[in-house]
>>> print(open('model05.txt').read())   # compact mmCIF, C-alpha atoms
# COMPACT_ATOMS: atom_id res chain seq x y z
CA MET A 1 62.21 52.71 -34.29
CA SER A 2 63.95 50.74 -31.58
CA ASN A 3 61.36 47.96 -31.29
CA ARG A 4 59.98 46.01 -34.20
CA LEU A 5 56.18 45.74 -34.16
CA SER A 6 54.28 42.52 -34.69
CA GLN A 7 51.79 44.09 -37.09
CA ALA A 8 51.32 47.29 -39.10
CA TRP A 9 49.01 48.57 -41.83
CA CYS A 10 50.20 50.38 -44.95
CA GLY A 11 47.82 52.48 -47.02
CA ILE A 12 48.90 53.56 -50.50
CA ASP A 13 47.34 56.42 -52.43
CA ALA A 14 48.32 55.25 -55.92
CA GLY A 15 48.94 57.47 -58.92
CA LYS A 16 50.45 57.38 -62.39
CA GLY A 17 53.62 59.31 -61.61
CA HIS A 18 54.03 58.56 -57.93
CA HIS A 19 52.37 56.94 -54.91
CA TRP A 20 52.12 58.06 -51.30
CA ALA A 21 52.39 55.40 -48.61
CA ALA A 22 51.50 55.75 -44.94
CA VAL A 23 52.07 53.10 -42.26
CA VAL A 24 50.12 53.00 -39.00
CA ASP A 25 50.30 50.78 -35.94
CA GLU A 26 47.46 49.17 -34.01
CA THR A 27 46.67 52.47 -32.26
CA GLY A 28 46.47 54.46 -35.52
CA THR A 29 49.77 56.27 -34.94
CA THR A 30 51.66 57.10 -38.12
CA LEU A 31 54.98 55.24 -38.26
CA TRP A 32 56.08 56.07 -41.79
CA SER A 33 54.75 58.39 -44.49
CA LYS A 34 56.56 59.16 -47.75
CA LYS A 35 56.13 59.86 -51.43
CA ILE A 36 57.25 56.99 -53.71
CA ASP A 37 57.99 57.39 -57.41
CA ASN A 38 56.24 54.87 -59.65
CA ASP A 39 59.57 53.25 -60.42
CA GLU A 40 60.85 49.79 -59.57
CA THR A 41 63.92 50.97 -57.67
CA ALA A 42 62.00 53.54 -55.61
CA ILE A 43 59.22 51.07 -54.79
CA LEU A 44 61.70 48.37 -53.73
CA MET A 45 63.54 50.81 -51.44
CA ALA A 46 60.28 51.86 -49.80
CA LEU A 47 59.19 48.24 -49.54
CA GLY A 48 62.35 47.36 -47.64
CA GLU A 49 61.89 50.25 -45.22
CA ILE A 50 58.25 49.40 -44.53
CA LEU A 51 58.88 45.67 -44.04
CA ASP A 52 61.54 46.52 -41.44
CA LEU A 53 58.87 48.21 -39.31
CA ALA A 54 56.84 45.10 -38.43
CA ASP A 55 56.79 41.34 -38.68
CA GLU A 56 53.54 41.50 -40.66
CA VAL A 57 52.43 44.37 -42.87
CA ARG A 58 48.93 44.51 -44.30
CA TRP A 59 48.75 46.50 -47.52
CA ALA A 60 45.83 48.48 -48.92
CA VAL A 61 45.59 50.33 -52.27
CA ASP A 62 42.87 52.59 -53.63
CA ILE A 63 43.50 51.78 -57.33
CA SER A 64 43.66 48.30 -58.83
CA GLY A 65 44.29 49.32 -62.46
CA THR A 66 47.29 50.15 -64.60
CA ALA A 67 48.56 52.90 -62.29
CA SER A 68 49.25 50.37 -59.53
CA ALA A 69 50.26 47.41 -61.74
CA LEU A 70 53.99 47.72 -61.06
CA LEU A 71 53.42 48.23 -57.33
CA ILE A 72 51.12 45.18 -57.03
CA ALA A 73 53.52 42.99 -59.02
CA LEU A 74 56.48 43.96 -56.82
CA LEU A 75 54.47 43.31 -53.67
CA ALA A 76 53.49 39.88 -54.99
CA SER A 77 57.10 39.05 -55.87
CA HIS A 78 57.98 39.64 -52.19
CA GLY A 79 55.14 37.51 -50.85
CA GLN A 80 52.95 40.49 -49.98
CA GLN A 81 49.29 40.87 -50.92
CA ALA A 82 47.24 44.07 -50.99
CA VAL A 83 43.54 44.65 -50.59
CA TYR A 84 41.49 47.07 -52.67
CA VAL A 85 39.86 49.96 -50.78
CA PRO A 86 37.39 51.72 -53.15
CA GLY A 87 37.71 55.47 -53.56
CA ARG A 88 34.10 55.95 -52.46
CA THR A 89 34.93 54.26 -49.14
CA VAL A 90 38.05 56.39 -48.68
CA ASN A 91 36.05 59.54 -49.36
CA ARG A 92 33.45 58.64 -46.75
CA MET A 93 35.99 57.52 -44.16
CA ALA A 94 37.90 60.81 -44.54
CA GLY A 95 35.07 62.58 -42.76
CA ALA A 96 35.72 60.53 -39.62
CA TYR A 97 39.15 62.11 -39.13
CA ARG A 98 40.14 65.60 -38.08
CA GLY A 99 40.61 68.29 -40.68
CA GLU A 100 39.23 68.93 -44.15
CA ALA A 101 42.47 69.07 -46.11
CA LYS A 102 42.78 66.85 -49.18
CA THR A 103 46.37 65.65 -49.65
CA ASP A 104 48.00 62.45 -50.83
CA ALA A 105 49.50 61.92 -47.38
CA ARG A 106 46.12 62.22 -45.68
CA ASP A 107 44.46 59.92 -48.21
CA ALA A 108 47.15 57.29 -47.65
CA TYR A 109 46.63 57.56 -43.88
CA VAL A 110 42.85 57.16 -44.27
CA ILE A 111 43.38 54.10 -46.50
CA ALA A 112 45.65 52.52 -43.89
CA GLU A 113 43.20 53.27 -41.09
CA THR A 114 40.28 51.91 -43.12
CA ALA A 115 42.15 48.66 -43.75
CA ARG A 116 43.00 48.47 -40.04
CA HIS A 117 39.34 48.71 -39.01
CA ARG A 118 37.83 46.57 -41.75
CA GLN A 119 38.83 43.05 -42.75
CA ASP A 120 36.32 42.44 -45.56
CA PHE A 121 38.05 44.12 -48.49
CA ALA A 122 38.79 42.04 -51.59
CA THR A 123 42.40 41.09 -52.18
CA ILE A 124 44.13 42.18 -55.38
CA ASP A 125 45.62 39.26 -57.24
CA VAL A 126 48.26 39.62 -59.94
CA PRO A 127 46.35 38.47 -63.04
CA ALA A 128 47.57 35.52 -65.07
CA GLN A 129 49.01 36.11 -68.52
CA LEU A 130 45.76 35.12 -70.27
CA ALA A 131 43.63 37.43 -68.12
CA THR A 132 46.06 40.30 -68.71
CA ASP A 133 46.03 39.75 -72.47
CA LEU A 134 42.23 39.64 -72.56
CA ALA A 135 41.97 42.76 -70.37
CA LEU A 136 44.22 44.70 -72.75
CA LEU A 137 42.47 43.44 -75.88
CA THR A 138 38.93 44.03 -74.61
CA GLY A 139 39.90 47.47 -73.32
CA HIS A 140 41.42 48.35 -76.70
CA ARG A 141 38.29 47.08 -78.44
CA SER A 142 36.08 49.27 -76.23
CA ASP A 143 38.16 52.30 -77.21
CA LEU A 144 37.84 51.47 -80.91
CA VAL A 145 34.07 51.01 -80.61
CA ALA A 146 33.79 54.36 -78.83
CA ASP A 147 35.82 56.00 -81.63
CA ARG A 148 33.51 54.44 -84.23
CA VAL A 149 30.38 55.71 -82.50
CA ARG A 150 31.88 59.20 -82.29
CA MET A 151 32.77 59.21 -86.01
CA ILE A 152 29.33 57.89 -87.03
CA ASN A 153 27.67 60.67 -85.05
CA ARG A 154 29.98 63.25 -86.59
CA LEU A 155 29.28 61.90 -90.08
CA ARG A 156 25.52 62.09 -89.63
CA ASP A 157 25.76 65.60 -88.23
CA VAL A 158 27.84 66.96 -91.13
CA LEU A 159 25.83 65.09 -93.77
CA SER A 160 22.52 66.38 -92.41
CA GLY A 161 23.82 69.91 -92.97
CA ILE A 162 24.24 69.44 -96.74
CA PHE A 163 22.16 66.40 -97.70
CA PRO A 164 19.51 65.55 -95.06
CA ALA A 165 17.58 63.22 -97.36
CA LEU A 166 20.61 60.95 -97.80
CA GLU A 167 21.37 61.13 -94.06
CA ARG A 168 17.89 59.72 -93.37
CA ALA A 169 18.10 57.08 -96.08
CA PHE A 170 20.61 54.69 -94.43
CA ASP A 171 21.67 53.40 -91.05
CA TYR A 172 25.36 54.24 -91.36
CA SER A 173 26.29 52.35 -88.20
CA ALA A 174 25.35 49.03 -89.84
CA HIS A 175 25.32 49.63 -93.62
CA LYS A 176 28.75 49.18 -95.18
CA GLY A 177 27.45 49.91 -98.68
CA ALA A 178 26.22 53.35 -97.61
CA LEU A 179 29.66 54.18 -96.20
CA VAL A 180 31.32 53.08 -99.44
CA LEU A 181 28.89 55.30 -101.36
CA LEU A 182 29.88 58.35 -99.31
CA THR A 183 33.58 57.84 -100.03
CA GLY A 184 32.84 58.79 -103.65
CA TYR A 185 29.58 60.74 -103.70
CA GLN A 186 28.37 63.11 -101.01
CA THR A 187 26.14 65.71 -102.75
CA PRO A 188 22.80 65.48 -104.60
CA ALA A 189 24.26 66.92 -107.80
CA SER A 190 27.15 64.42 -107.97
CA ILE A 191 24.77 61.47 -107.53
CA ARG A 192 22.39 62.76 -110.21
CA ARG A 193 25.27 63.27 -112.64
CA ARG A 194 26.48 59.70 -112.11
CA GLY A 195 23.08 58.12 -112.76
CA ARG A 196 21.63 54.84 -111.56
CA SER A 197 23.40 52.38 -113.87
CA ARG A 198 26.88 53.86 -113.55
CA LEU A 199 26.49 54.33 -109.78
CA THR A 200 25.39 50.70 -109.47
CA ALA A 201 28.44 49.54 -111.43
CA TRP A 202 30.72 51.76 -109.30
CA LEU A 203 29.36 50.27 -106.07
CA ALA A 204 29.45 46.68 -107.38
CA LYS A 205 33.09 47.12 -108.39
CA ARG A 206 33.87 47.93 -104.75
CA GLY A 207 32.15 44.82 -103.44
CA VAL A 208 28.92 46.42 -102.18
CA ARG A 209 26.10 43.92 -101.72
CA GLY A 210 22.77 45.05 -103.11
CA ALA A 211 24.51 47.73 -105.16
CA HIS A 212 21.38 48.40 -107.24
CA ALA A 213 19.21 49.02 -104.14
CA VAL A 214 21.82 51.36 -102.63
CA ALA A 215 22.13 53.30 -105.88
CA THR A 216 18.35 53.55 -106.25
CA THR A 217 17.90 54.84 -102.70
CA ALA A 218 20.70 57.39 -103.13
CA LEU A 219 19.26 58.60 -106.45
CA GLU A 220 15.78 59.02 -104.96
CA ALA A 221 17.29 61.10 -102.14
CA SER A 222 19.19 63.26 -104.64
CA GLN A 223 16.00 63.96 -106.62
CA ALA A 224 14.40 65.35 -103.44
CA GLN A 225 17.00 68.14 -103.09
CA GLN A 226 17.86 70.58 -105.87
CA ILE A 227 19.23 73.51 -103.86
CA LEU A 228 22.94 74.04 -103.22
CA LEU A 229 23.54 74.64 -99.50
CA PRO A 230 26.28 76.90 -98.08
CA GLY A 231 29.55 75.14 -97.23
CA GLU A 232 28.63 72.11 -99.33
CA ALA A 233 32.08 71.71 -100.92
CA VAL A 234 34.00 71.72 -97.63
CA ALA A 235 31.40 69.56 -95.90
CA ALA A 236 31.57 67.06 -98.78
CA GLN A 237 35.33 66.67 -98.20
CA ILE A 238 34.72 65.94 -94.51
CA VAL A 239 31.92 63.51 -95.35
CA ALA A 240 34.19 61.69 -97.80
CA ASP A 241 36.97 61.39 -95.22
CA LEU A 242 34.90 60.11 -92.28
CA PRO A 243 33.50 56.96 -94.00
CA ALA A 244 37.01 56.00 -95.08
CA GLN A 245 38.15 56.24 -91.46
CA ILE A 246 35.14 54.23 -90.28
CA LEU A 247 35.76 51.47 -92.84
CA SER A 248 39.42 51.33 -91.81
CA LEU A 249 38.35 51.17 -88.16
CA ASP A 250 36.01 48.28 -88.98
CA ASP A 251 38.96 46.33 -90.36
CA ARG A 252 40.92 47.03 -87.18
CA LEU A 253 37.97 45.86 -85.08
CA LYS A 254 37.80 42.62 -87.05
CA GLY A 255 41.48 42.03 -86.32
CA VAL A 256 41.04 42.73 -82.60
CA ASP A 257 37.96 40.48 -82.47
CA ARG A 258 39.98 37.70 -84.06
CA GLN A 259 42.75 38.15 -81.48
CA ILE A 260 40.25 38.11 -78.61
CA ARG A 261 38.55 34.99 -79.98
CA GLU A 262 41.85 33.13 -80.37
CA ARG A 263 43.16 34.11 -76.93
CA PHE A 264 39.84 33.47 -75.17
CA ARG A 265 39.55 29.96 -76.59
CA THR A 266 42.82 29.02 -74.94
CA HIS A 267 41.05 29.44 -71.58
CA PRO A 268 40.43 25.99 -70.01
CA GLN A 269 36.71 26.75 -69.52
CA ALA A 270 36.09 28.72 -72.71
CA GLU A 271 33.89 25.99 -74.18
CA ILE A 272 31.71 25.99 -71.07
CA ILE A 273 31.28 29.77 -71.11
CA GLU A 274 30.47 29.85 -74.83
CA SER A 275 27.95 27.03 -74.47
CA LEU A 276 25.60 29.37 -72.58
CA PRO A 277 23.23 30.90 -75.19
CA GLY A 278 24.07 34.53 -75.93
CA MET A 279 27.62 34.26 -74.58
CA GLY A 280 30.05 34.49 -77.50
CA PRO A 281 33.84 34.84 -77.39
CA ILE A 282 33.78 38.65 -76.98
CA LEU A 283 31.38 38.65 -74.02
CA GLY A 284 33.11 35.51 -72.75
CA ALA A 285 36.42 37.36 -72.68
CA GLU A 286 34.75 40.30 -70.93
CA PHE A 287 33.40 37.87 -68.34
CA VAL A 288 36.83 36.35 -67.67
CA VAL A 289 38.30 39.83 -67.19
CA ALA A 290 35.46 41.21 -65.05
CA ALA A 291 34.81 38.14 -62.88
CA GLY A 292 38.43 37.15 -62.25
CA ASP A 293 39.02 34.00 -60.21
CA LEU A 294 35.67 32.25 -59.63
CA SER A 295 36.98 30.75 -56.40
CA ALA A 296 36.36 34.20 -54.90
CA TYR A 297 32.60 33.61 -55.18
CA ALA A 298 31.33 31.21 -52.55
CA ASP A 299 28.09 30.60 -54.42
CA ALA A 300 26.04 31.85 -57.35
CA GLY A 301 24.50 34.56 -55.19
CA HIS A 302 27.89 36.15 -54.60
CA LEU A 303 28.56 36.24 -58.35
CA ALA A 304 25.15 37.80 -59.03
CA SER A 305 25.71 40.30 -56.22
CA ALA A 306 29.06 41.30 -57.69
CA ALA A 307 27.24 42.01 -60.96
CA GLY A 308 24.61 44.15 -59.24
CA LEU A 309 21.80 41.70 -60.05
CA VAL A 310 20.66 41.22 -56.44
CA PRO A 311 18.52 44.00 -54.92
CA VAL A 312 19.49 45.38 -51.52
CA PRO A 313 17.07 46.37 -48.74
CA ARG A 314 16.68 49.98 -47.72
CA ASP A 315 14.48 49.85 -44.64
CA SER A 316 13.95 52.43 -41.93
CA GLY A 317 11.64 52.21 -38.93
CA ARG A 318 8.31 50.73 -39.91
CA ARG A 319 9.14 51.00 -43.62
CA ILE A 320 10.35 47.54 -44.47
CA GLY A 321 10.58 45.45 -47.61
CA ASN A 322 12.04 48.28 -49.72
CA LEU A 323 14.40 46.75 -52.25
CA HIS A 324 16.60 48.93 -54.42
CA ARG A 325 19.27 48.55 -57.05
CA PRO A 326 22.73 48.31 -55.42
CA LYS A 327 25.26 51.11 -55.88
CA ARG A 328 28.49 49.19 -55.43
CA TYR A 329 29.00 46.49 -58.05
CA SER A 330 31.01 45.73 -61.17
CA ARG A 331 29.48 47.67 -64.05
CA ARG A 332 31.48 45.62 -66.49
CA LEU A 333 30.24 42.32 -65.09
CA ARG A 334 26.64 43.55 -65.07
CA ARG A 335 26.99 44.60 -68.71
CA VAL A 336 28.20 41.11 -69.67
CA PHE A 337 25.20 39.39 -68.08
CA TYR A 338 22.71 41.97 -69.35
CA LEU A 339 23.91 41.91 -72.98
CA SER A 340 24.20 38.13 -73.09
CA ALA A 341 20.69 37.79 -71.62
CA GLN A 342 19.30 40.22 -74.17
CA THR A 343 20.98 38.30 -76.99
CA SER A 344 19.73 34.94 -75.73
CA ILE A 345 16.04 35.89 -76.03
CA ILE A 346 16.27 36.29 -79.79
CA ARG A 347 16.04 32.53 -80.39
CA GLU A 348 13.55 30.01 -79.08
CA GLY A 349 14.61 28.21 -75.92
CA PRO A 350 14.51 28.31 -72.12
CA ASN A 351 15.94 31.85 -72.01
CA ARG A 352 13.22 33.26 -74.25
CA ASP A 353 10.56 31.27 -72.39
CA PHE A 354 11.69 32.71 -69.04
CA TYR A 355 11.75 36.23 -70.50
CA LEU A 356 8.22 35.90 -71.89
CA LYS A 357 7.07 34.48 -68.55
CA LYS A 358 8.35 37.57 -66.76
CA ARG A 359 6.72 39.86 -69.32
CA GLY A 360 3.48 37.98 -68.75
CA GLU A 361 3.80 38.67 -65.03
CA GLY A 362 3.81 42.40 -65.76
CA CYS A 363 7.55 43.10 -65.86
CA LYS A 364 8.85 45.70 -68.29
CA HIS A 365 11.50 44.73 -70.83
CA VAL A 366 14.47 45.88 -68.73
CA GLN A 367 13.08 44.23 -65.59
CA ALA A 368 12.54 40.95 -67.42
CA VAL A 369 16.05 41.00 -68.90
CA ILE A 370 17.60 41.70 -65.48
CA ALA A 371 15.61 38.82 -63.99
CA LEU A 372 16.88 36.57 -66.77
CA ALA A 373 20.44 37.82 -66.23
CA ARG A 374 20.18 36.92 -62.53
CA ARG A 375 19.03 33.42 -63.43
CA ARG A 376 21.80 33.01 -66.00
CA ALA A 377 24.42 34.04 -63.42
CA SER A 378 23.36 31.07 -61.29
CA VAL A 379 23.42 28.75 -64.30
CA LEU A 380 26.88 29.87 -65.44
CA TRP A 381 28.30 29.57 -61.93
CA ALA A 382 26.95 26.02 -61.66
CA LEU A 383 28.32 25.07 -65.09
CA LEU A 384 31.79 26.32 -64.20
CA ARG A 385 31.64 24.62 -60.81
CA ASP A 386 30.65 21.27 -62.35
CA ASN A 387 32.91 21.77 -65.38
CA ARG A 388 30.21 20.88 -67.90
CA THR A 389 28.62 22.61 -70.90
CA PHE A 390 25.10 24.01 -71.03
CA THR A 391 22.19 21.81 -72.16
CA PRO A 392 18.57 22.99 -72.56
CA VAL A 393 17.41 20.07 -70.43
CA ALA A 394 18.70 19.71 -66.88
CA PRO A 395 20.99 16.67 -66.44
CA ILE A 396 19.74 13.70 -64.44
CA THR A 397 21.37 13.53 -61.02
CA ARG A 398 21.69 10.33 -59.04
>>> encode(input="model05.txt", output="structure tokens")
Amino acid sequence: MSNRLSQAWCGIDAGKGHHWAAVVDETGTTLWSKKIDNDETAILMALGEILDLADEVRWAVDISGTASALLIALLASHGQQAVYVPGRTVNRMAGAYRGEAKTDARDAYVIAETARHRQDFATIDVPAQLATDLALLTGHRSDLVADRVRMINRLRDVLSGIFPALERAFDYSAHKGALVLLTGYQTPASIRRRGRSRLTAWLAKRGVRGAHAVATTALEASQAQQILLPGEAVAAQIVADLPAQILSLDDRLKGVDRQIRERFRTHPQAEIIESLPGMGPILGAEFVVAAGDLSAYADAGHLASAAGLVPVPRDSGRRIGNLHRPKRYSRRLRRVFYLSAQTSIIREGPNRDFYLKKRGEGCKHVQAVIALARRRASVLWALLRDNRTFTPVAPITR
């Protein structure tokens, strides 16, 4: 180009292996459109070319996760800041432009055009070291928990095929002693041969609490089944292997939880977050990751809205007053407030009192918990704003 523009918009369709960037001017004309490898050298070369097109370039990206981490960091190092254009928005905006083709180049153009027309998209900030560490640790913990649930389900399925009475006898997701039992004994005949006293001693030697009760329950289950089922030998090997993996996974989860707790408590406002009933270090870390910088929320309502705790109207014509659950919100942030609210009602206090009040007004359990979560979002926002810990009684203001 012979003349340098005053302003341009760059839309980036981000991906793991490569990105596609498209630059448009104020009339929507494409000035630059190329594929960029997800590599520092390639991104820097493209960045130089794009910045030469205009005095000010406004950047927009459709992914704000790991795939665009290098891109966002390099933009920030050059004083550039990108906004996040959700994929749902890009998909809807694509229908406003000619053609039905779905290509990276077209998606990048639509992202740039969307950013040109709308100024209300959230900016993507490069997270601080603590937030990055907590995001990685909490994400890893979620993966481990999902693996544990999958293995528990697989264990129950295989065990029910050879020993249904024992499968019904314990809650294997929460009973460590039952898992230890299965590492050594998986069939009715093997439990009967061992006997109550020797089985109790075997469990006690491995640190099982209530070894006698576990042995008694297992022996009663074994007495209820005398038949030998097909595939019992092979299934018993699988059943013996799965509890060992689950117990090993539990140890890994304890280590990750300890790391999260230690890293979270280095946060300057960790004590304030943990002071809210039901908000421990794990959910506190999830909150820090999901909420980000609290300065982005002008008031408590914005924080609650981001968590999907504020209903939105859906009126048409003479049908007014229809409030519905929002569709665009942070699922992770909503989960933090919902789980912490549900935990807080276990003990006596203002949270439980508010929950019971809502139940008395005719709300179902989920509705009452969501109402409590909305209230707690306002409380937490105020605590963080005032930099003070939670107290059951409201402080005296002068």
>>> atom_distance(input="model05.txt", atom1="CA of Leu130 in chain A", atom2="CA of Leu44 in chain A")
26.5 Å
>>> closest_residue(input="model05.txt", among="A:Leu356, A:Ala371, A:Ala8, A:Leu179", to="Asp241 in chain A", atoms="only C-alpha atoms")
A:Leu179
>>> residues_around(input="model05.txt", residues="Leu219 in chain A", least_positions_apart="2", cutoff="7 Å", atoms="all atoms listed in the file", output="list in words")
Ile191, Arg192, Arg196, Ala215, Thr216, Thr217, Ala221, Ser222 and Gln223 of chain A
>>> residues_around(input="model05.txt", residues="range 310-326 of chain A", least_positions_apart="6", cutoff="9 Å", atoms="only C-alpha atoms", output="PyMOL selection string")
chain A and resi 301+304+374
>>> residues_around(input="model05.txt", residues="range 34-41 of chain A", least_positions_apart="6", cutoff="12 Å", atoms="all atoms listed in the file", output="ChimeraX atom specification")
/A:10-23,47-50,66-75,77,103-106,108-109
>>> write_last_selection(input="model05.txt", atoms="C-alpha atoms", output="PDB file, keeping the file's coordinate frame")
ATOM      1  CA  CYS A  10      50.200  50.380 -44.950  1.00  0.00           C
ATOM      2  CA  GLY A  11      47.820  52.480 -47.020  1.00  0.00           C
ATOM      3  CA  ILE A  12      48.900  53.560 -50.500  1.00  0.00           C
ATOM      4  CA  ASP A  13      47.340  56.420 -52.430  1.00  0.00           C
ATOM      5  CA  ALA A  14      48.320  55.250 -55.920  1.00  0.00           C
ATOM      6  CA  GLY A  15      48.940  57.470 -58.920  1.00  0.00           C
ATOM      7  CA  LYS A  16      50.450  57.380 -62.390  1.00  0.00           C
ATOM      8  CA  GLY A  17      53.620  59.310 -61.610  1.00  0.00           C
ATOM      9  CA  HIS A  18      54.030  58.560 -57.930  1.00  0.00           C
ATOM     10  CA  HIS A  19      52.370  56.940 -54.910  1.00  0.00           C
ATOM     11  CA  TRP A  20      52.120  58.060 -51.300  1.00  0.00           C
ATOM     12  CA  ALA A  21      52.390  55.400 -48.610  1.00  0.00           C
ATOM     13  CA  ALA A  22      51.500  55.750 -44.940  1.00  0.00           C
ATOM     14  CA  VAL A  23      52.070  53.100 -42.260  1.00  0.00           C
ATOM     15  CA  LEU A  47      59.190  48.240 -49.540  1.00  0.00           C
ATOM     16  CA  GLY A  48      62.350  47.360 -47.640  1.00  0.00           C
ATOM     17  CA  GLU A  49      61.890  50.250 -45.220  1.00  0.00           C
ATOM     18  CA  ILE A  50      58.250  49.400 -44.530  1.00  0.00           C
ATOM     19  CA  THR A  66      47.290  50.150 -64.600  1.00  0.00           C
ATOM     20  CA  ALA A  67      48.560  52.900 -62.290  1.00  0.00           C
ATOM     21  CA  SER A  68      49.250  50.370 -59.530  1.00  0.00           C
ATOM     22  CA  ALA A  69      50.260  47.410 -61.740  1.00  0.00           C
ATOM     23  CA  LEU A  70      53.990  47.720 -61.060  1.00  0.00           C
ATOM     24  CA  LEU A  71      53.420  48.230 -57.330  1.00  0.00           C
ATOM     25  CA  ILE A  72      51.120  45.180 -57.030  1.00  0.00           C
ATOM     26  CA  ALA A  73      53.520  42.990 -59.020  1.00  0.00           C
ATOM     27  CA  LEU A  74      56.480  43.960 -56.820  1.00  0.00           C
ATOM     28  CA  LEU A  75      54.470  43.310 -53.670  1.00  0.00           C
ATOM     29  CA  SER A  77      57.100  39.050 -55.870  1.00  0.00           C
ATOM     30  CA  THR A 103      46.370  65.650 -49.650  1.00  0.00           C
ATOM     31  CA  ASP A 104      48.000  62.450 -50.830  1.00  0.00           C
ATOM     32  CA  ALA A 105      49.500  61.920 -47.380  1.00  0.00           C
ATOM     33  CA  ARG A 106      46.120  62.220 -45.680  1.00  0.00           C
ATOM     34  CA  ALA A 108      47.150  57.290 -47.650  1.00  0.00           C
ATOM     35  CA  TYR A 109      46.630  57.560 -43.880  1.00  0.00           C
TER      36      TYR A 109
END
>>> closest_residue(input="model05.txt", among="A:Ala368, A:Val336, A:Ala341, A:Ile260", to="Arg141 in chain A", atoms="all atoms listed in the file")
A:Ile260
>>> closest_residue(input="model05.txt", among="A:Ala189, A:Val366, A:Leu339, A:Leu333", to="Leu228 in chain A", atoms="only C-alpha atoms")
A:Ala189
>>> residues_near_point(input="model05.txt", point="(31.9, 34.7, -84.8)", cutoff="10 Å", atoms="all atoms listed in the file", output="ChimeraX atom specification")
/A:257-258,261,280-282
>>> write_last_selection(input="model05.txt", atoms="C-alpha atoms", output="mmCIF file, in the coordinates of the input")
data_model
loop_
_atom_site.group_PDB
_atom_site.id
_atom_site.type_symbol
_atom_site.label_atom_id
_atom_site.label_comp_id
_atom_site.auth_asym_id
_atom_site.auth_seq_id
_atom_site.Cartn_x
_atom_site.Cartn_y
_atom_site.Cartn_z
ATOM 1 C CA ASP A 257 37.960 40.480 -82.470
ATOM 2 C CA ARG A 258 39.980 37.700 -84.060
ATOM 3 C CA ARG A 261 38.550 34.990 -79.980
ATOM 4 C CA GLY A 280 30.050 34.490 -77.500
ATOM 5 C CA PRO A 281 33.840 34.840 -77.390
ATOM 6 C CA ILE A 282 33.780 38.650 -76.980
#
>>> closest_residue(input="model05.txt", among="A:Leu229, A:Leu199, A:Ile124, A:Ala178", to="Ala296 in chain A", atoms="all atoms listed in the file")
A:Ile124
>>> closest_residue(input="model05.txt", among="A:Leu383, A:Trp9, A:Glu220, A:Ile246", to="Thr30 in chain A", atoms="only C-alpha atoms")
A:Trp9
>>> closest_residue(input="model05.txt", among="A:Ala204, A:Leu294, A:Ile152, A:Val90", to="Lys102 in chain A", atoms="all atoms listed in the file")
A:Val90
>>> residues_near_point(input="model05.txt", point="(41.2, 35.9, -60.3)", cutoff="10 Å", atoms="only C-alpha atoms", output="list in words")
Thr123, Ile124, Asp125, Val126, Pro127, Ala128, Ala131, Val288, Val289, Ala290, Ala291, Gly292, Asp293, Leu294, Ser295 and Ala296 of chain A
>>> atom_distance(input="model05.txt", atom1="CA of Thr391 in chain A", atom2="CA of Ala306 in chain A")
25.2 Å
>>> atom_distance(input="model05.txt", atom1="CA of Met279 in chain A", atom2="CA of Leu380 in chain A")
10.2 Å
>>> closest_atom_pairs(input="model05.txt", of="range 186-246 of chain A", to="range 170-175 of chain A", cutoff="10 Å", atoms="all atoms listed in the file", output="Markdown table")
| residue | atom | partner | partner_atom | distance |
| --- | --- | --- | --- | --- |
| A:Val208 | CA | A:His175 | CA | 9.8 |
| A:Arg209 | CA | A:His175 | CA | 9.9 |
| A:Val214 | CA | A:Phe170 | CA | 8.9 |
| A:Thr217 | CA | A:Phe170 | CA | 8.7 |
| A:Ala218 | CA | A:Phe170 | CA | 9.1 |
| A:Pro243 | CA | A:Tyr172 | CA | 9.0 |
| A:Ile246 | CA | A:Ser173 | CA | 9.3 |
>>> residues_around(input="model05.txt", residues="Val379 in chain A", least_positions_apart="5", cutoff="9 Å", atoms="only C-alpha atoms", output="CSV table (one decimal) with C-alpha atoms, in the frame of the given file")
chain,number,residue,atom,x,y,z
A,276,LEU,CA,25.6,29.4,-72.6
A,300,ALA,CA,26.0,31.8,-57.4
A,374,ARG,CA,20.2,36.9,-62.5
A,384,LEU,CA,31.8,26.3,-64.2
A,390,PHE,CA,25.1,24.0,-71.0
>>> residues_around(input="model05.txt", residues="Arg352 in chain A", least_positions_apart="2", cutoff="12 Å", atoms="all atoms listed in the file", output="PyMOL selection string")
chain A and resi 277-278+341-350+354-359+368-369+371-373+376+392
